[in-house]
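Below is entry_31.txt, which holds compact mmCIF, C-alpha atoms.
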# COMPACT_ATOMS: atom_id res chain seq x y z
CA MET F 1 39.95 -19.96 14.77
CA THR F 2 38.49 -17.79 12.01
CA THR F 3 34.85 -18.27 11.10
CA THR F 4 32.91 -17.26 8.02
CA SER F 5 30.15 -14.68 7.95
CA GLU F 6 27.69 -17.52 7.34
CA GLU F 7 28.59 -18.94 10.77
CA THR F 8 28.74 -15.64 12.66
CA PRO F 9 26.73 -13.09 10.72
CA VAL F 10 27.42 -9.44 11.38
CA ARG F 11 24.26 -7.70 12.52
CA ARG F 12 23.37 -4.06 12.02
CA GLY F 13 20.30 -2.06 12.89
CA GLY F 14 17.75 -0.49 10.57
CA VAL F 15 18.16 2.20 7.98
CA ARG F 16 20.04 5.32 9.03
CA ALA F 17 18.97 8.84 8.06
CA GLU F 18 21.78 9.31 5.55
CA GLU F 19 20.84 6.06 3.78
CA ARG F 20 17.25 7.01 3.02
CA ALA F 21 16.12 7.92 -0.50
CA LEU F 22 13.50 10.61 -1.01
CA ALA F 23 11.36 8.88 -3.65
CA PRO F 24 10.23 5.83 -1.60
CA ASP F 25 9.46 7.97 1.45
CA LEU F 26 7.58 10.60 -0.55
CA ALA F 27 5.63 7.86 -2.37
CA ARG F 28 4.65 6.28 0.96
CA GLY F 29 3.51 9.65 2.30
CA ILE F 30 1.31 10.28 -0.74
CA MET F 31 0.13 6.65 -0.64
CA LEU F 32 -1.21 7.15 2.88
CA LEU F 33 -3.35 10.05 1.67
CA LEU F 34 -4.75 7.82 -1.07
CA ILE F 35 -5.35 4.98 1.40
CA VAL F 36 -7.19 7.15 3.90
CA LEU F 37 -9.38 8.49 1.08
CA SER F 38 -10.09 5.01 -0.29
CA ASN F 39 -11.11 3.85 3.20
CA THR F 40 -13.81 6.49 3.51
CA ALA F 41 -16.53 4.50 1.70
CA PHE F 42 -17.16 1.88 4.37
CA HIS F 43 -17.38 4.56 7.08
CA LEU F 44 -20.45 5.97 5.27
CA TRP F 45 -22.43 3.13 6.82
CA ALA F 46 -25.88 4.78 6.55
CA ALA F 47 -25.59 5.72 2.86
CA ARG F 48 -27.54 3.98 0.10
CA ARG F 49 -25.34 1.61 -1.91
CA GLY F 50 -25.44 0.82 -5.60
CA PRO F 51 -24.80 -2.52 -7.30
CA SER F 52 -21.07 -2.35 -6.60
CA GLY F 53 -21.74 -2.53 -2.87
CA TRP F 54 -18.84 -0.22 -2.05
CA GLN F 55 -19.18 3.41 -3.08
CA PRO F 56 -22.44 5.13 -2.00
CA ALA F 57 -24.93 5.76 -4.79
CA ASP F 58 -26.73 8.76 -3.30
CA GLY F 59 -25.89 12.39 -2.66
CA SER F 60 -25.47 15.64 -4.56
CA TRP F 61 -23.60 16.24 -7.80
CA LEU F 62 -20.52 16.97 -5.70
CA ASP F 63 -20.84 13.59 -3.99
CA HIS F 64 -21.16 11.88 -7.37
CA ALA F 65 -18.06 13.72 -8.60
CA VAL F 66 -16.10 12.43 -5.59
CA GLN F 67 -17.42 8.88 -6.13
CA PHE F 68 -16.53 9.02 -9.83
CA THR F 69 -13.01 10.23 -9.04
CA MET F 70 -12.42 7.63 -6.34
CA ILE F 71 -13.51 4.76 -8.59
CA ILE F 72 -11.10 5.87 -11.31
CA VAL F 73 -8.14 7.04 -9.21
CA LEU F 74 -8.26 5.14 -5.90
CA ASP F 75 -10.40 2.03 -5.63
CA LEU F 76 -8.30 -1.11 -6.31
CA ARG F 77 -5.44 1.18 -7.37
CA VAL F 78 -3.77 2.14 -4.10
CA TYR F 79 -2.97 -1.32 -2.74
CA PRO F 80 -0.74 -2.26 -5.72
CA LEU F 81 1.20 0.92 -4.95
CA PHE F 82 1.52 -0.31 -1.35
CA ALA F 83 2.61 -3.77 -2.52
CA PHE F 84 5.36 -2.37 -4.75
CA LEU F 85 6.73 -0.10 -2.03
CA PHE F 86 6.53 -2.91 0.52
CA GLY F 87 8.53 -5.23 -1.73
CA TYR F 88 10.97 -2.45 -2.56
CA GLY F 89 11.56 -1.70 1.12
CA MET F 90 12.07 -5.39 1.89
CA MET F 91 14.78 -5.76 -0.72
CA GLN F 92 16.40 -2.51 0.42
CA LEU F 93 16.64 -3.85 3.96
CA PHE F 94 18.04 -7.17 2.72
CA LEU F 95 20.70 -5.45 0.59
CA ARG F 96 21.70 -3.08 3.41
CA GLN F 97 22.14 -5.99 5.78
CA THR F 98 24.27 -8.02 3.39
CA ALA F 99 26.32 -4.96 2.39
CA ALA F 100 27.10 -4.40 6.08
CA GLY F 101 28.54 -7.91 6.35
CA ASN F 102 25.52 -9.87 7.50
CA SER F 103 24.97 -13.22 5.81
CA GLU F 104 22.07 -13.62 3.40
CA ARG F 105 20.58 -16.13 5.80
CA GLY F 106 20.92 -13.71 8.71
CA ALA F 107 19.33 -10.88 6.73
CA ALA F 108 16.46 -13.15 5.69
CA ARG F 109 15.98 -14.12 9.34
CA ILE F 110 15.52 -10.46 10.31
CA LEU F 111 12.96 -9.98 7.56
CA ARG F 112 11.15 -13.16 8.57
CA ARG F 113 10.86 -11.84 12.14
CA ARG F 114 9.55 -8.56 10.77
CA SER F 115 6.90 -10.34 8.70
CA LEU F 116 5.67 -12.35 11.67
CA TRP F 117 5.32 -9.26 13.83
CA LEU F 118 3.50 -7.43 11.04
CA ILE F 119 0.96 -10.27 10.96
CA VAL F 120 0.41 -9.84 14.71
CA ILE F 121 0.12 -6.05 14.42
CA GLY F 122 -2.27 -6.37 11.49
CA LEU F 123 -4.60 -8.77 13.29
CA LEU F 124 -4.66 -6.55 16.37
CA HIS F 125 -5.38 -3.54 14.19
CA SER F 126 -8.21 -5.26 12.33
CA THR F 127 -9.81 -6.58 15.51
CA LEU F 128 -9.62 -3.37 17.49
CA LEU F 129 -10.29 -0.74 14.84
CA MET F 130 -10.17 -1.46 11.10
CA ALA F 131 -11.18 -4.77 9.53
CA GLY F 132 -9.62 -4.02 6.15
CA ASP F 133 -6.09 -3.92 7.58
CA ILE F 134 -3.44 -4.63 4.95
CA VAL F 135 -0.40 -4.83 7.23
CA GLY F 136 -1.11 -8.45 8.17
CA TYR F 137 -1.94 -9.30 4.56
CA TYR F 138 1.42 -8.04 3.36
CA GLY F 139 3.07 -9.63 6.37
CA VAL F 140 1.96 -13.04 5.07
CA LEU F 141 2.99 -12.21 1.50
CA SER F 142 6.38 -10.92 2.63
CA LEU F 143 6.93 -14.03 4.76
CA VAL F 144 6.32 -16.41 1.85
CA LEU F 145 7.89 -14.33 -0.93
CA GLY F 146 10.88 -13.48 1.24
CA LEU F 147 11.58 -17.13 1.88
CA VAL F 148 11.32 -18.01 -1.79
CA PHE F 149 12.65 -14.99 -3.73
CA LEU F 150 14.94 -12.75 -1.66
CA ARG F 151 18.06 -14.67 -2.62
CA ARG F 152 17.02 -15.56 -6.16
CA SER F 153 18.72 -14.11 -9.23
CA GLU F 154 17.29 -11.27 -11.30
CA ARG F 155 16.63 -13.75 -14.07
CA ALA F 156 14.52 -15.88 -11.72
CA LEU F 157 12.65 -12.79 -10.51
CA LYS F 158 11.81 -11.79 -14.07
CA ARG F 159 10.63 -15.29 -14.88
CA TRP F 160 8.29 -15.44 -11.91
CA ILE F 161 7.04 -11.90 -12.57
CA CYS F 162 6.01 -13.07 -16.04
CA VAL F 163 4.37 -16.19 -14.57
CA GLY F 164 2.47 -14.05 -12.06
CA ALA F 165 1.28 -11.64 -14.74
CA VAL F 166 -0.03 -14.53 -16.86
CA LEU F 167 -1.79 -16.09 -13.86
CA MET F 168 -3.36 -12.78 -12.89
CA VAL F 169 -4.73 -12.10 -16.36
CA PHE F 170 -5.91 -15.70 -16.73
CA PHE F 171 -7.86 -15.82 -13.47
CA ALA F 172 -9.43 -12.43 -14.17
CA ALA F 173 -10.23 -13.15 -17.82
CA GLN F 174 -11.42 -16.76 -17.49
CA PRO F 175 -14.86 -16.04 -15.98
CA VAL F 176 -15.34 -13.06 -18.31
CA VAL F 177 -14.48 -15.06 -21.45
CA SER F 178 -16.62 -17.98 -20.28
CA ALA F 179 -19.62 -15.71 -19.66
CA LEU F 180 -19.03 -13.93 -22.96
CA LEU F 181 -19.06 -17.19 -24.90
CA ARG F 182 -22.33 -18.15 -23.22
CA GLY F 183 -23.78 -14.73 -23.97
CA GLU F 184 -24.18 -14.06 -20.24
CA LEU F 185 -21.59 -11.36 -19.63
CA GLY F 186 -24.19 -9.00 -18.19
CA THR F 187 -25.23 -11.57 -15.58
CA LEU F 188 -21.70 -12.33 -14.37
CA GLY F 189 -21.60 -11.38 -10.70
CA ASP F 190 -24.32 -10.92 -8.10
CA ALA F 191 -25.75 -7.49 -7.42
CA GLY F 192 -27.87 -8.98 -4.62
CA ALA F 193 -24.88 -10.12 -2.55
CA GLU F 194 -24.22 -8.52 0.81
CA PRO F 195 -22.40 -5.22 0.23
CA GLY F 196 -18.68 -5.46 0.91
CA PHE F 197 -18.66 -2.55 3.33
CA MET F 198 -20.72 -4.63 5.79
CA ALA F 199 -17.66 -6.75 6.55
CA TYR F 200 -16.05 -3.70 8.18
CA ALA F 201 -18.84 -3.48 10.82
CA ALA F 202 -18.82 0.31 10.96
CA GLN F 203 -22.63 0.15 11.07
CA GLU F 204 -22.65 -2.04 14.20
CA GLY F 205 -23.60 -0.19 17.39
CA ASN F 206 -21.98 -2.65 19.79
CA TRP F 207 -18.19 -2.58 19.86
CA LEU F 208 -17.78 -6.25 20.87
CA THR F 209 -20.11 -7.42 18.10
CA ALA F 210 -18.26 -5.19 15.66
CA ALA F 211 -14.90 -6.53 16.90
CA HIS F 212 -16.06 -10.10 16.26
CA THR F 213 -16.98 -9.20 12.68
CA ARG F 214 -13.74 -7.30 12.20
CA LEU F 215 -11.71 -10.26 13.47
CA GLU F 216 -13.41 -12.59 10.98
CA THR F 217 -12.76 -10.11 8.17
CA GLY F 218 -9.18 -9.58 9.32
CA LEU F 219 -8.48 -13.33 9.35
CA PHE F 220 -9.98 -13.65 5.86
CA VAL F 221 -7.94 -10.75 4.43
CA THR F 222 -4.72 -11.74 6.19
CA PHE F 223 -4.65 -15.44 5.41
CA LEU F 224 -7.17 -16.45 2.76
CA ALA F 225 -6.84 -13.36 0.54
CA SER F 226 -3.04 -13.54 0.71
CA ALA F 227 -3.14 -17.26 -0.21
CA LEU F 228 -5.37 -16.45 -3.20
CA ALA F 229 -2.93 -13.71 -4.23
CA LEU F 230 -0.03 -16.17 -4.14
CA VAL F 231 -1.90 -18.74 -6.20
CA GLY F 232 -3.50 -16.27 -8.59
CA GLY F 233 -0.46 -14.15 -9.43
CA GLY F 234 -1.31 -11.24 -7.15
CA TYR F 235 2.29 -11.30 -5.92
CA VAL F 236 3.61 -9.89 -9.20
CA VAL F 237 3.73 -6.23 -8.10
CA PHE F 238 5.51 -7.29 -4.91
CA LEU F 239 8.23 -9.01 -6.95
CA LEU F 240 8.49 -5.98 -9.21
CA GLY F 241 9.41 -4.08 -6.06
CA PHE F 242 12.18 -6.64 -5.39
CA TRP F 243 13.51 -6.24 -8.93
CA ALA F 244 13.33 -2.43 -8.92
CA ALA F 245 15.16 -2.22 -5.57
CA ARG F 246 18.04 -4.27 -6.96
CA ARG F 247 18.26 -1.80 -9.84
CA ARG F 248 17.96 1.19 -7.43
CA VAL F 249 15.21 2.63 -9.60
CA LEU F 250 13.81 4.94 -6.91
CA GLU F 251 17.18 5.91 -5.42
CA GLU F 252 18.53 6.89 -8.85
CA PRO F 253 15.51 7.99 -10.91
CA GLY F 254 17.69 10.00 -13.28
CA ARG F 255 19.34 6.80 -14.55
CA HIS F 256 15.94 5.20 -15.17
CA ARG F 257 14.07 8.20 -16.56
CA THR F 258 12.89 6.46 -19.74
CA LEU F 259 11.54 3.44 -17.85
CA LEU F 260 9.81 5.69 -15.31
CA ARG F 261 8.22 7.89 -17.98
CA ARG F 262 6.82 4.92 -19.87
CA THR F 263 5.57 3.31 -16.67
CA ALA F 264 3.91 6.51 -15.47
CA VAL F 265 2.16 7.31 -18.77
CA ILE F 266 1.13 3.78 -19.74
CA GLY F 267 0.36 2.61 -16.20
CA ILE F 268 -1.87 5.53 -15.22
CA ALA F 269 -3.61 5.56 -18.62
CA VAL F 270 -4.37 1.82 -18.46
CA GLY F 271 -5.47 2.06 -14.85
CA TRP F 272 -7.81 4.99 -15.31
CA LEU F 273 -9.28 3.72 -18.58
CA GLY F 274 -9.87 0.33 -16.99
CA ALA F 275 -11.95 1.95 -14.25
CA LEU F 276 -13.79 4.41 -16.51
CA PRO F 277 -16.70 2.08 -17.45
CA ALA F 278 -17.38 1.32 -13.77
CA ALA F 279 -17.25 5.01 -12.87
CA LEU F 280 -19.61 5.98 -15.70
CA ALA F 281 -22.01 3.20 -14.75
CA HIS F 282 -21.94 4.23 -11.10
CA VAL F 283 -23.06 7.80 -11.83
CA GLY F 284 -25.66 6.64 -14.37
CA ALA F 285 -23.87 7.86 -17.49
CA LEU F 286 -23.51 4.31 -18.85
CA ASP F 287 -26.26 1.70 -18.90
CA VAL F 288 -24.72 -1.52 -17.55
CA PRO F 289 -26.51 -4.49 -15.93
CA ALA F 290 -26.37 -4.38 -12.14
CA ASP F 291 -24.66 -7.79 -11.92
CA ALA F 292 -21.80 -6.56 -14.11
CA GLN F 293 -21.21 -3.70 -11.66
CA SER F 294 -21.17 -5.98 -8.61
CA GLU F 295 -18.04 -6.97 -6.71
CA GLU F 296 -17.74 -10.18 -8.77
CA GLY F 297 -18.88 -8.60 -12.02
CA ALA F 298 -17.00 -7.93 -15.24
CA LEU F 299 -16.42 -4.23 -14.54
CA THR F 300 -14.89 -4.94 -11.13
CA LEU F 301 -12.62 -7.62 -12.58
CA LEU F 302 -11.46 -5.13 -15.20
CA ARG F 303 -10.79 -2.52 -12.52
CA ASP F 304 -8.87 -5.03 -10.42
CA VAL F 305 -6.46 -6.11 -13.16
CA THR F 306 -5.81 -2.61 -14.50
CA GLY F 307 -5.39 -1.27 -10.96
CA ASN F 308 -1.95 -2.88 -10.81
CA ALA F 309 -0.83 -0.78 -13.77
CA ALA F 310 -2.13 2.37 -12.09
CA GLY F 311 -0.28 1.61 -8.86
CA LEU F 312 3.00 1.20 -10.71
CA GLY F 313 2.28 4.38 -12.65
CA TYR F 314 1.81 6.33 -9.44
CA VAL F 315 5.19 5.15 -8.09
CA ALA F 316 6.89 6.12 -11.34
CA ALA F 317 5.25 9.56 -11.34
CA VAL F 318 6.51 10.25 -7.81
CA ALA F 319 10.02 9.13 -8.77
CA LEU F 320 9.98 11.47 -11.78
CA PHE F 321 8.85 14.32 -9.54
CA VAL F 322 11.70 13.61 -7.13
CA GLN F 323 14.21 13.60 -9.98
CA TRP F 324 12.86 16.95 -11.22
CA TRP F 325 12.71 18.38 -7.72
CA THR F 326 16.24 17.47 -6.70
CA SER F 327 17.74 18.66 -9.99
CA ARG F 328 15.80 21.95 -9.75
CA ARG F 329 16.96 22.57 -6.20
CA ALA F 330 20.54 21.85 -7.20
CA ARG F 331 20.20 24.20 -10.19
CA VAL F 332 18.55 27.21 -8.54
CA GLY F 333 20.13 26.83 -5.09
CA ALA F 334 19.44 29.56 -2.58
CA GLY F 335 18.24 31.99 -5.22
CA ALA F 336 14.77 30.42 -5.36
CA GLY F 337 13.69 32.20 -2.21
CA VAL F 338 10.36 31.58 -0.53
CA GLU F 339 8.98 29.34 -3.30
CA VAL F 340 11.61 26.65 -2.81
CA GLY F 341 11.47 27.10 0.96
CA VAL F 342 7.74 26.38 1.09
CA GLY F 343 8.04 23.56 -1.42
CA ALA F 344 10.91 22.02 0.54
CA THR F 345 8.86 22.13 3.73
CA VAL F 346 5.94 20.38 2.02
CA VAL F 347 8.17 17.70 0.50
CA THR F 348 9.95 17.17 3.83
CA ALA F 349 6.66 16.92 5.72
CA VAL F 350 5.07 14.42 3.31
CA SER F 351 8.23 12.30 3.17
CA ALA F 352 8.29 12.40 6.99
CA VAL F 353 4.93 10.63 6.85
CA GLY F 354 6.48 8.04 4.54
CA LYS F 355 9.32 7.44 6.99
CA ARG F 356 6.70 6.77 9.67
CA SER F 357 4.17 5.05 7.43
CA LEU F 358 3.16 2.35 9.92
CA SER F 359 2.56 4.85 12.72
CA CYS F 360 0.56 7.15 10.45
CA TYR F 361 -1.44 4.25 8.99
CA LEU F 362 -2.46 3.12 12.47
CA ALA F 363 -3.15 6.73 13.51
CA HIS F 364 -5.69 7.02 10.67
CA SER F 365 -7.78 4.31 12.28
CA LEU F 366 -7.45 5.85 15.73
CA LEU F 367 -8.81 9.11 14.34
CA PHE F 368 -11.40 7.50 12.05
CA ALA F 369 -13.09 4.58 13.76
CA PRO F 370 -14.12 6.00 17.18
CA VAL F 371 -15.46 9.16 15.55
CA LEU F 372 -17.25 7.69 12.53
CA ALA F 373 -18.43 4.19 13.48
CA ALA F 374 -21.87 3.53 14.95
CA TRP F 375 -20.24 2.04 18.07
CA GLY F 376 -18.40 5.35 18.55
CA LEU F 377 -19.68 8.88 17.98
CA GLY F 378 -21.47 7.77 14.81
CA LEU F 379 -20.51 10.78 12.67
CA GLY F 380 -20.35 8.55 9.59
CA GLU F 381 -24.16 8.48 9.53
CA HIS F 382 -24.31 12.20 8.83
CA LEU F 383 -21.50 12.64 6.28
CA SER F 384 -21.68 12.30 2.52
CA SER F 385 -18.98 11.31 0.04
CA TRP F 386 -17.52 14.79 -0.37
CA THR F 387 -17.67 15.77 3.32
CA MET F 388 -16.13 12.42 4.25
CA ALA F 389 -13.34 13.08 1.75
CA LEU F 390 -12.66 16.42 3.46
CA PHE F 391 -12.61 14.66 6.82
CA ALA F 392 -10.09 12.13 5.45
CA VAL F 393 -7.81 14.85 4.11
CA GLY F 394 -7.98 16.53 7.53
CA VAL F 395 -6.98 13.29 9.25
CA TRP F 396 -4.06 12.88 6.87
CA LEU F 397 -2.94 16.47 7.50
CA ILE F 398 -2.94 15.80 11.24
CA THR F 399 -0.57 12.89 10.67
CA VAL F 400 1.56 15.09 8.39
CA ALA F 401 1.88 17.66 11.18
CA GLY F 402 2.74 14.98 13.72
CA ALA F 403 5.29 13.30 11.45
CA TYR F 404 6.90 16.64 10.60
CA ALA F 405 7.21 17.47 14.30
CA LEU F 406 8.90 14.11 14.91
CA GLU F 407 11.18 14.74 11.92
CA ARG F 408 12.24 18.10 13.33
CA ALA F 409 12.90 16.45 16.69
CA GLY F 410 14.89 13.64 15.07
CA ARG F 411 12.57 10.93 16.41
CA ARG F 412 11.09 7.85 14.78
CA GLY F 413 7.40 7.06 14.74
CA PRO F 414 6.25 5.08 17.80
CA ALA F 415 5.18 2.04 15.77
CA GLU F 416 8.48 2.04 13.85
CA ALA F 417 10.42 2.22 17.13
CA VAL F 418 8.51 -0.76 18.54
CA LEU F 419 8.85 -2.79 15.34
CA ARG F 420 12.55 -2.04 15.12
CA ARG F 421 13.02 -3.24 18.69
CA LEU F 422 11.09 -6.43 17.92
CA MET F 423 13.16 -7.02 14.77
CA TYR F 424 16.64 -6.33 16.11
CA GLY F 425 16.28 -6.64 19.88
CA ALA F 426 19.10 -5.68 22.20
CA ALA F 427 21.64 -6.40 19.46
CA GLN F 428 20.63 -3.31 17.49
CA GLY F 429 23.09 -1.02 19.22
CA LYS F 430 25.94 -3.44 18.70
CA ALA F 431 24.87 -3.99 15.10
CA GLY F 432 24.89 -0.28 14.40
CA ARG F 433 28.43 0.03 15.80
CA VAL F 434 29.67 -2.93 13.76
CA ALA F 435 28.08 -1.59 10.57
CA LYS F 436 29.48 1.89 11.15
CA ALA F 437 32.94 0.55 11.79
CA GLY F 438 32.73 -1.54 8.61

Rewrite the coordinates I just gave you, this time as structure tokens.
Amino acid sequence: MTTTSEETPVRRGGVRAEERALAPDLARGIMLLLIVLSNTAFHLWAARRGPSGWQPADGSWLDHAVQFTMIIVLDLRVYPLFAFLFGYGMMQLFLRQTAAGNSERGAARILRRRSLWLIVIGLLHSTLLMAGDIVGYYGVLSLVLGLVFLRRSERALKRWICVGAVLMVFFAAQPVVSALLRGELGTLGDAGAEPGFMAYAAQEGNWLTAAHTRLETGLFVTFLASALALVGGGYVVFLLGFWAARRRVLEEPGRHRTLLRRTAVIGIAVGWLGALPAALAHVGALDVPADAQSEEGALTLLRDVTGNAAGLGYVAAVALFVQWWTSRRARVGAGAGVEVGVGATVVTAVSAVGKRSLSCYLAHSLLFAPVLAAWGLGLGEHLSSWTMALFAVGVWLITVAGAYALERAGRRGPAEAVLRRLMYGAAQGKAGRVAKAG
């Protein structure tokens, strides 16, 4: 008796080397540098904080330059980049599974298993090392959005993207407009609230006490913050990743050059301009009430909304670079000599980090927390913004070297290998054979 693919779905394993596209991997590799830099602020647990409660407010002119740059380029700008790439990768996996003969329901089941394990990994990560873990947060978002949107039409995706954008702007603008109408815009927020970096417990000398705080923060970020994102339209960048993957925007950047150019220019400009008032106020170049600079203040709300545009702009800029890079290599060939050789090594190494993004993300915390936190060696007490930034770049370079070594050896990252096993189980080998035969 013959059965349909819905009744006996064909299974295949994860992405194979020849199926990977350079742009998503390179973007993930660069993203991890931006993430490790943006995570430096809460490790400076002995520094004096300003009204924003996040970036330190003390230090030399070089420290202030680093703080200014991070507020404009990184803070609230990197996680939208992560969300887009996460959604893009989800849809890629779904499309690969269905193209190999798996049913849509079977492919969704694999992704659902992946989301659940990411939630577990994220909570372990936040409890043991880093309270601001985002793996569990996106695990929850991917679980819900995957159930609802993976099999929806492009028209439905576009409609819900528009709904999410409206919700996001409304929830950000509503308190600002209300305070403006009352003439109390400068008092919106609370500069006296507990600084946000305290929730990461890097300043706690006892590891168990710190772990308790980190677990509470991790549960809040994973479940409550993700629920607020779903209700308040924060899912919109995630769905844009779904839509872009269906259009193969990052696999074929040459076909989407106009869209990518507009997104890069407009997105980065909007994102950086939206953060400029907060950055100027932080370094004292703009006189703004302390409440407005706080984590619930008008300047932070402006940074949050415009950060989504910046994240999309960063992805588009990387895709444009990849299009230029691949066309240049094809044009000049072997005649480029050492210049192309060095450039190719750098691109390969950074994209190797992107292929092993989960392993490298977790490695950052292994190299950061025990060295910097008060419960560890406590080095964070003695660093400033610019020296901490150098430390972060060094940590990222260590992961680049490790990922490149694994790439040369043809091996996956350890976290990716474990996750793949949890997703596909013993059927992975059989799935790979079925897919290859098909």

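Of the residues under consideration (F:Leu85, F:Ala349, F:Ser226, F:Lys355), F:Lys355 shows the shortest atom-to-atom contact distance to F:Arg411 when counting only C-alpha atoms.
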
Just want the 8 Å neighbourhood of stretch 264-270 of chain F, counted on only C-alpha atoms, with same-chain residues fewer than 6 positions away dropped. Output as a tab-separated table (two decimals) with C-alpha atoms, in the coordinates of the input.
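Output file result36.tsv follows:
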chain	number	residue	atom	x	y	z
F	306	THR	CA	-5.81	-2.61	-14.50
F	309	ALA	CA	-0.83	-0.78	-13.77
F	310	ALA	CA	-2.13	2.37	-12.09
F	311	GLY	CA	-0.28	1.61	-8.86
F	312	LEU	CA	3.00	1.20	-10.71
F	313	GLY	CA	2.28	4.38	-12.65
F	314	TYR	CA	1.81	6.33	-9.44
F	315	VAL	CA	5.19	5.15	-8.09
F	316	ALA	CA	6.89	6.12	-11.34
F	317	ALA	CA	5.25	9.56	-11.34

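Across F:Arg255, F:Gly274, F:Gln55, F:Gly233, the tightest approach to F:Val169 is made by F:Gly233 when counting only C-alpha atoms.
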
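Ranking F:Ser60, F:Thr127, F:Ser384, F:Gln67 by their shortest atom-to-atom distance to F:His282, with all atoms listed in the file included, puts F:Gln67 first.
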
10 Å contact set for F:Ala281, all atoms listed in the file, chain neighbours under 2 positions out, as an mmCIF file with C-alpha atoms, in the frame of the given file:
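Written output follows (around.cif):
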data_model
loop_
_atom_site.group_PDB
_atom_site.id
_atom_site.type_symbol
_atom_site.label_atom_id
_atom_site.label_comp_id
_atom_site.auth_asym_id
_atom_site.auth_seq_id
_atom_site.Cartn_x
_atom_site.Cartn_y
_atom_site.Cartn_z
ATOM 1 C CA PRO F 51 -24.800 -2.520 -7.300
ATOM 2 C CA SER F 52 -21.070 -2.350 -6.600
ATOM 3 C CA PHE F 68 -16.530 9.020 -9.830
ATOM 4 C CA LEU F 276 -13.790 4.410 -16.510
ATOM 5 C CA PRO F 277 -16.700 2.080 -17.450
ATOM 6 C CA ALA F 278 -17.380 1.320 -13.770
ATOM 7 C CA ALA F 279 -17.250 5.010 -12.870
ATOM 8 C CA VAL F 283 -23.060 7.800 -11.830
ATOM 9 C CA GLY F 284 -25.660 6.640 -14.370
ATOM 10 C CA ALA F 285 -23.870 7.860 -17.490
ATOM 11 C CA LEU F 286 -23.510 4.310 -18.850
ATOM 12 C CA ASP F 287 -26.260 1.700 -18.900
ATOM 13 C CA VAL F 288 -24.720 -1.520 -17.550
ATOM 14 C CA PRO F 289 -26.510 -4.490 -15.930
ATOM 15 C CA ALA F 290 -26.370 -4.380 -12.140
ATOM 16 C CA ALA F 292 -21.800 -6.560 -14.110
ATOM 17 C CA GLN F 293 -21.210 -3.700 -11.660
ATOM 18 C CA LEU F 299 -16.420 -4.230 -14.540
#

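Minimum distance to F:Asn206 across F:Ala373, F:Leu76, F:Gly50, F:Val135 (counting all atoms listed in the file) occurs at F:Ala373.
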
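Relative to atom CA of F:Asp190, atom CA of F:Leu383 is found at 27.7 Å.
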
> Which one is closest to F:Val237: F:Val350, F:Val163, F:Leu37, F:Leu358? Count all atoms listed in the file.
Replying inline: F:Val163

> Using only C-alpha atoms, which of F:Leu215, F:Ala191, F:Leu377, F:Val353 sits nearest F:Gly122?
Replying inline: F:Leu215

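Here atom CA of F:Glu154 and atom CA of F:Gln92 stand 14.7 Å from one another.
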
>> Report, in Å to a single decimal, how far apart atom CA of F:Val66 and atom CA of F:Ala389 are.
In response: 7.9 Å

>> Applying 9 Å and only C-alpha atoms, which residues near F:Thr40 remain after dropping the ones on its own chain fewer than 3 positions away? List them as a ChimeraX atom specification.
In response: /F:35-37,43-44,368,385,388-389,391-392

Give me the stretch 45-158 of chain F side of the contact with stretch 418-422 of chain F, cut-off 8 Å, one line per residue showing its nearest atom pair and distance in Å at one decimal, counting all atoms listed in the file, sorted by chain and residue number, as a tab-separated table.
residue	atom	partner	partner_atom	distance
F:Arg113	CA	F:Leu422	CA	7.9
F:Arg114	CA	F:Leu419	CA	7.4
F:Trp117	CA	F:Leu419	CA	7.5

>> Which residues are close to F:Ala201, i.e. within 10 Å by only C-alpha atoms, leaving aside same-chain residues fewer than 2 positions away? Reply as a list in words.
In response: Phe42, His43, Trp45, Leu129, Met130, Ala131, Phe197, Met198, Ala199, Gln203, Glu204, Gly205, Asn206, Trp207, Thr209, Ala210, Ala211, His212, Thr213, Arg214, Thr217, Ala373, Ala374 and Trp375 of chain F

>> List the spatial neighbours of F:Ser142 as number ranges by chain - criterion: any atom at most 9 Å away, all atoms listed in the file, same-chain residues fewer than 6 positions off excluded.
In response: F: 86-87, 90, 111-112, 115, 238

> Could you tell me, as a ChimeraX atom specification, which residues have any atom at most 12 Å from (7.8, 13.5, -10.0), counting all atoms listed in the file?
Replying inline: /F:22-24,26-27,30,250,253-254,257,260-261,264,313-328,347

>> (-3.7, -2.6, -2.0) in this file's frame - what residues fall within 10 Å of it? Use all atoms listed in the file and give the answer as a count of residues only.
In response: 19
